[in-house]
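One structure below.
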Amino acid sequence: MRTVTRLAECARPFRLNSRLMSKPAQPQQILLVDDDPGAIQLLGGLLANVATLRFATNGKDALRLAREVVPDLILLDAEMPGMTGFQLLQALKAEAELADVPVIFITSHTEAGFEVSALEMGAVDFIAKPFRSSLVLARVKLHLRMKRMTDGLRRAATIDPLTGVANRRMFDQSLAREWLVARRTGGPISLLSIDVDHFKSYNARYGRQQGDECLRQVAVALVSTCRRPADIVSRYDGQEFMMLLPQTARLGAEHIGRRVLDAVQALDISYEESSPTRYVSVSVGIAFLDDQTTHIKDAAPLTAEDLVVAANTALGSAKRAGRARAKLRDIADPDGPDQSQDSSVPALTP
């Protein structure tokens, strides 16, 4: 039997949400770049207990390794054949994912002008060869601590403090990035716009505190439906959430939409005034871009904003159709008469 007092149990799901949203501290990564294997061996032995180490003996391999796994710190030899340390630093600063990685130059040059040039280009520190082990350890540990603090502040700036999921800023950044990837690779991308049904009246009936607890539980349920690290749940506006699904075509997005409906229903939060369910439910709008998308001849190029508009339009259709359901809309469907379709994915069985 559903009862309003069940909301008192929300504290436990909220702790679960915190674990879902807050990743445990991972070992930090250092990338050593030097064309001298002896220098790499010396630094590797010195820093083996400080962080996870990877190494490269040329700039091209270093750039590849940095793209594969973004390091927390790079120790970079300035003088290398082929791509020099300065050229590699320029390449790192030109890529959004790598631009903020701190770089320490290690070089035999001791002239003040050389050090100034390195710092002006964006290096965070400069260590001259032959280096002292104690100095290298102190500098590396300092910059790793600073990197962890910076990452923590950056995460805090992109997390919704009430629900623990990504905030609107994080969503906008993630959508812009994943949209560019989808357009460049030709891969699919889907977006779910999710709104808690009758939430304003629920908030008025039971008060803001229970309303906040309800949103926390819904956020936990939404996160539980995601199956891949790249999937992003964000609080978009008030009681509205967005779920960004990179590399997900129409059928996969429909399955996730059905999982969302079932997961929120399973929360079993009673609200007798909610029609037609008598419990807290959500409506879902699904928009997609994949090989089934209808491309309109001579139409303006599609944008990430078109995906948001299509998902919100489908959400409005789900609301008008009676709530507690999912509606689907092709991103390329023209404006005008409602083109949204019922999701074709059947309800999941327990």
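Ordered as shown in the structure tokens, chains take letters A, B, and onward, while each chain numbers its residues from 1 and ligands are numbered from 1 in the order shown.
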task: From a DSSP calculation on the backbone, collect every residue of stretch 13-241 of chain A in helix (DSSP H, G or I) and output the set as a VMD selection string.
output: chain A and resid 13 to 21 37 to 47 59 to 68 85 to 93 112 to 121 133 to 156 168 to 185 199 to 206 208 to 225
- prompt: Within 8 Å of stretch 43-55 of chain A, counting only C-alpha atoms, which residues qualify if same-chain residues fewer than 3 places away don't, as number ranges by chain?
  reply: A: 27-34, 39-40, 62, 133, 137, 141
Write a file of the just-selected residues containing N, CA and C atoms, as a compact mmCIF listing (two decimals), in the first residue's frame.
```txt
# COMPACT_ATOMS: atom_id res chain seq x y z
N PRO A 27 43.48 6.63 -8.76
CA PRO A 27 44.91 6.97 -8.77
C PRO A 27 45.19 8.00 -9.85
N GLN A 28 45.97 8.99 -9.51
CA GLN A 28 46.30 10.02 -10.50
C GLN A 28 47.30 9.47 -11.52
N GLN A 29 47.28 10.07 -12.71
CA GLN A 29 48.08 9.60 -13.83
C GLN A 29 49.14 10.63 -14.19
N ILE A 30 50.37 10.16 -14.34
CA ILE A 30 51.47 11.00 -14.81
C ILE A 30 51.97 10.44 -16.14
N LEU A 31 52.15 11.32 -17.10
CA LEU A 31 52.72 10.94 -18.39
C LEU A 31 54.14 11.50 -18.46
N LEU A 32 55.14 10.60 -18.58
CA LEU A 32 56.54 10.99 -18.72
C LEU A 32 56.91 11.01 -20.20
N VAL A 33 57.46 12.12 -20.68
CA VAL A 33 57.80 12.25 -22.10
C VAL A 33 59.26 12.68 -22.21
N ASP A 34 60.09 11.79 -22.70
CA ASP A 34 61.51 12.08 -22.86
C ASP A 34 62.08 11.10 -23.88
N ALA A 39 66.46 8.61 -18.71
CA ALA A 39 65.77 9.63 -17.92
C ALA A 39 64.38 9.14 -17.51
N ILE A 40 63.70 8.45 -18.43
CA ILE A 40 62.39 7.91 -18.10
C ILE A 40 62.51 6.86 -17.00
N ALA A 62 53.25 10.62 -27.31
CA ALA A 62 52.75 11.28 -26.10
C ALA A 62 51.36 11.86 -26.32
N SER A 133 66.37 14.67 -6.82
CA SER A 133 65.22 13.81 -6.59
C SER A 133 64.22 14.46 -5.63
N LEU A 137 60.28 15.33 -6.57
CA LEU A 137 59.18 14.78 -5.77
C LEU A 137 58.30 15.88 -5.20
N LYS A 141 54.39 16.34 -6.39
CA LYS A 141 53.32 16.18 -5.39
C LYS A 141 52.51 17.47 -5.25
```
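Residue nearest A:Ala118 within the list A:Pro71, A:Gly38, A:Pro188, A:Gly85: A:Gly85 [criterion: smallest interatomic distance, only C-alpha atoms].
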Mind checking which residues fall within 12 Å of A:Met146, counting only C-alpha atoms, ignoring those fewer than 6 positions away in the same chain, and posting them as a PDB file with C-alpha atoms, in the first residue's frame?
```pdb
ATOM      1  CA  GLN A  28      46.297  10.016 -10.497  1.00  0.00           C
ATOM      2  CA  ASP A  72      46.763  14.580 -14.332  1.00  0.00           C
ATOM      3  CA  LEU A  73      50.318  15.784 -14.947  1.00  0.00           C
ATOM      4  CA  ASP A 100      44.097  22.126 -18.612  1.00  0.00           C
ATOM      5  CA  VAL A 101      46.576  19.304 -18.019  1.00  0.00           C
ATOM      6  CA  PRO A 102      49.525  20.791 -16.057  1.00  0.00           C
ATOM      7  CA  VAL A 124      53.139  25.260 -14.807  1.00  0.00           C
ATOM      8  CA  ARG A 139      57.156  19.734  -7.302  1.00  0.00           C
ATOM      9  CA  VAL A 140      55.256  16.732  -8.645  1.00  0.00           C
ATOM     10  CA  GLY A 152      37.103  18.959  -7.285  1.00  0.00           C
ATOM     11  CA  LEU A 153      36.107  22.592  -7.739  1.00  0.00           C
TER      12      LEU A 153
END
```
message: Please list as a PyMOL selection string every residue within 12 Å of A:Glu95, counting only C-alpha atoms and excluding residues in the same chain fewer than 4 positions away.
response: chain A and resi 63+66-67+70+88-91+99-101
Preceding selection exported with all heavy atoms as a PDB file, in the first residue's frame:
```
ATOM      1  N   LEU A  63      51.151  12.486 -27.465  1.00  0.00           N
ATOM      2  CA  LEU A  63      49.845  13.069 -27.767  1.00  0.00           C
ATOM      3  C   LEU A  63      48.784  11.984 -27.878  1.00  0.00           C
ATOM      4  O   LEU A  63      47.653  12.139 -27.394  1.00  0.00           O
ATOM      5  CB  LEU A  63      49.938  13.880 -29.064  1.00  0.00           C
ATOM      6  CG  LEU A  63      48.754  14.784 -29.396  1.00  0.00           C
ATOM      7  CD1 LEU A  63      48.501  15.782 -28.277  1.00  0.00           C
ATOM      8  CD2 LEU A  63      48.999  15.514 -30.714  1.00  0.00           C
ATOM      9  N   ALA A  66      47.953  10.746 -24.342  1.00  0.00           N
ATOM     10  CA  ALA A  66      47.183  11.756 -23.606  1.00  0.00           C
ATOM     11  C   ALA A  66      45.728  11.772 -24.055  1.00  0.00           C
ATOM     12  O   ALA A  66      44.818  11.979 -23.251  1.00  0.00           O
ATOM     13  CB  ALA A  66      47.815  13.133 -23.786  1.00  0.00           C
ATOM     14  N   ARG A  67      45.485  11.556 -25.335  1.00  0.00           N
ATOM     15  CA  ARG A  67      44.116  11.515 -25.845  1.00  0.00           C
ATOM     16  C   ARG A  67      43.388  10.265 -25.359  1.00  0.00           C
ATOM     17  O   ARG A  67      42.179  10.305 -25.101  1.00  0.00           O
ATOM     18  CB  ARG A  67      44.122  11.547 -27.371  1.00  0.00           C
ATOM     19  CG  ARG A  67      44.474  12.899 -27.966  1.00  0.00           C
ATOM     20  CD  ARG A  67      44.781  12.786 -29.443  1.00  0.00           C
ATOM     21  NE  ARG A  67      44.992  14.079 -30.075  1.00  0.00           N
ATOM     22  CZ  ARG A  67      45.561  14.240 -31.258  1.00  0.00           C
ATOM     23  NH1 ARG A  67      45.978  13.172 -31.944  1.00  0.00           N
ATOM     24  NH2 ARG A  67      45.717  15.458 -31.767  1.00  0.00           N
ATOM     25  N   VAL A  70      43.395  10.917 -20.335  1.00  0.00           N
ATOM     26  CA  VAL A  70      43.880  12.257 -20.003  1.00  0.00           C
ATOM     27  C   VAL A  70      44.676  12.200 -18.695  1.00  0.00           C
ATOM     28  O   VAL A  70      44.150  11.791 -17.659  1.00  0.00           O
ATOM     29  CB  VAL A  70      42.710  13.249 -19.862  1.00  0.00           C
ATOM     30  CG1 VAL A  70      43.231  14.629 -19.462  1.00  0.00           C
ATOM     31  CG2 VAL A  70      41.930  13.333 -21.165  1.00  0.00           C
ATOM     32  N   LEU A  88      54.778  20.069 -28.709  1.00  0.00           N
ATOM     33  CA  LEU A  88      53.806  19.203 -28.053  1.00  0.00           C
ATOM     34  C   LEU A  88      52.931  20.004 -27.098  1.00  0.00           C
ATOM     35  O   LEU A  88      51.708  19.804 -27.049  1.00  0.00           O
ATOM     36  CB  LEU A  88      54.522  18.088 -27.287  1.00  0.00           C
ATOM     37  CG  LEU A  88      53.620  17.148 -26.461  1.00  0.00           C
ATOM     38  CD1 LEU A  88      52.550  16.496 -27.329  1.00  0.00           C
ATOM     39  CD2 LEU A  88      54.462  16.085 -25.761  1.00  0.00           C
ATOM     40  N   LEU A  89      53.525  20.935 -26.372  1.00  0.00           N
ATOM     41  CA  LEU A  89      52.741  21.775 -25.467  1.00  0.00           C
ATOM     42  C   LEU A  89      51.699  22.577 -26.241  1.00  0.00           C
ATOM     43  O   LEU A  89      50.544  22.706 -25.810  1.00  0.00           O
ATOM     44  CB  LEU A  89      53.662  22.710 -24.687  1.00  0.00           C
ATOM     45  CG  LEU A  89      52.973  23.656 -23.694  1.00  0.00           C
ATOM     46  CD1 LEU A  89      52.189  22.880 -22.652  1.00  0.00           C
ATOM     47  CD2 LEU A  89      54.002  24.560 -23.013  1.00  0.00           C
ATOM     48  N   GLN A  90      52.092  23.114 -27.393  1.00  0.00           N
ATOM     49  CA  GLN A  90      51.135  23.846 -28.233  1.00  0.00           C
ATOM     50  C   GLN A  90      49.988  22.941 -28.665  1.00  0.00           C
ATOM     51  O   GLN A  90      48.819  23.356 -28.652  1.00  0.00           O
ATOM     52  CB  GLN A  90      51.841  24.413 -29.464  1.00  0.00           C
ATOM     53  CG  GLN A  90      52.703  25.629 -29.187  1.00  0.00           C
ATOM     54  CD  GLN A  90      53.342  26.159 -30.458  1.00  0.00           C
ATOM     55  OE1 GLN A  90      53.810  25.388 -31.308  1.00  0.00           O
ATOM     56  NE2 GLN A  90      53.363  27.477 -30.604  1.00  0.00           N
ATOM     57  N   ALA A  91      50.311  21.697 -29.048  1.00  0.00           N
ATOM     58  CA  ALA A  91      49.271  20.757 -29.474  1.00  0.00           C
ATOM     59  C   ALA A  91      48.330  20.420 -28.318  1.00  0.00           C
ATOM     60  O   ALA A  91      47.117  20.311 -28.503  1.00  0.00           O
ATOM     61  CB  ALA A  91      49.919  19.480 -30.020  1.00  0.00           C
ATOM     62  N   ALA A  99      43.804  20.814 -22.625  1.00  0.00           N
ATOM     63  CA  ALA A  99      44.340  22.160 -22.409  1.00  0.00           C
ATOM     64  C   ALA A  99      44.650  22.449 -20.952  1.00  0.00           C
ATOM     65  O   ALA A  99      45.556  23.235 -20.643  1.00  0.00           O
ATOM     66  CB  ALA A  99      43.365  23.199 -22.960  1.00  0.00           C
ATOM     67  N   ASP A 100      43.909  21.829 -20.032  1.00  0.00           N
ATOM     68  CA  ASP A 100      44.097  22.126 -18.612  1.00  0.00           C
ATOM     69  C   ASP A 100      45.043  21.162 -17.903  1.00  0.00           C
ATOM     70  O   ASP A 100      45.219  21.254 -16.686  1.00  0.00           O
ATOM     71  CB  ASP A 100      42.742  22.111 -17.895  1.00  0.00           C
ATOM     72  CG  ASP A 100      41.832  23.240 -18.356  1.00  0.00           C
ATOM     73  OD1 ASP A 100      42.371  24.302 -18.723  1.00  0.00           O
ATOM     74  OD2 ASP A 100      40.602  23.062 -18.347  1.00  0.00           O
ATOM     75  N   VAL A 101      45.635  20.233 -18.637  1.00  0.00           N
ATOM     76  CA  VAL A 101      46.576  19.304 -18.019  1.00  0.00           C
ATOM     77  C   VAL A 101      47.861  20.057 -17.675  1.00  0.00           C
ATOM     78  O   VAL A 101      48.480  20.659 -18.555  1.00  0.00           O
ATOM     79  CB  VAL A 101      46.899  18.125 -18.955  1.00  0.00           C
ATOM     80  CG1 VAL A 101      47.957  17.222 -18.316  1.00  0.00           C
ATOM     81  CG2 VAL A 101      45.640  17.330 -19.264  1.00  0.00           C
TER      82      VAL A 101
END
```
- prompt: What does the distance from atom CA of A:Phe131 to atom CA of A:Ile74 come to in Å, to one decimal?
  reply: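 It comes out at 16.2 Å.
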query: To one decimal place, how far is atom CA of A:Val103 from atom CA of A:Arg155 in Å?
result: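 Computed distance, atom CA of A:Val103 to atom CA of A:Arg155, equals 21.2 Å.
Distance check against A:Lys327 using only C-alpha atoms: of A:Met243, A:Cys214, A:Ala249, A:Leu192, the minimum falls on A:Leu192.
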message: as an NGL selection string, please: the residues near A:Tyr279 (cut-off 8 Å, only C-alpha atoms, same-chain neighbours under 5 positions excluded).
response: :A and (2 or 265 or 268-272 or 274)
DSSP-assigned strand (DSSP E) members of stretch 82-218 of chain A, reported as a PyMOL selection string: chain A and resi 103-107+125-128+189-196
- prompt: What lies within 8 Å of stretch 82-84 of chain A using only C-alpha atoms, ignoring chain neighbours under 3 positions off, as a PyMOL selection string?
  reply: chain A and resi 58-60+78-79+87-88
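Across A:Val280, A:Val136, A:Pro246, A:Ala182, the tightest approach to A:Asn203 is made by A:Val280 when counting only C-alpha atoms.
The two atoms in question, atom CA of A:Asp237 and atom CA of A:Leu302, are spaced 23.8 Å apart.
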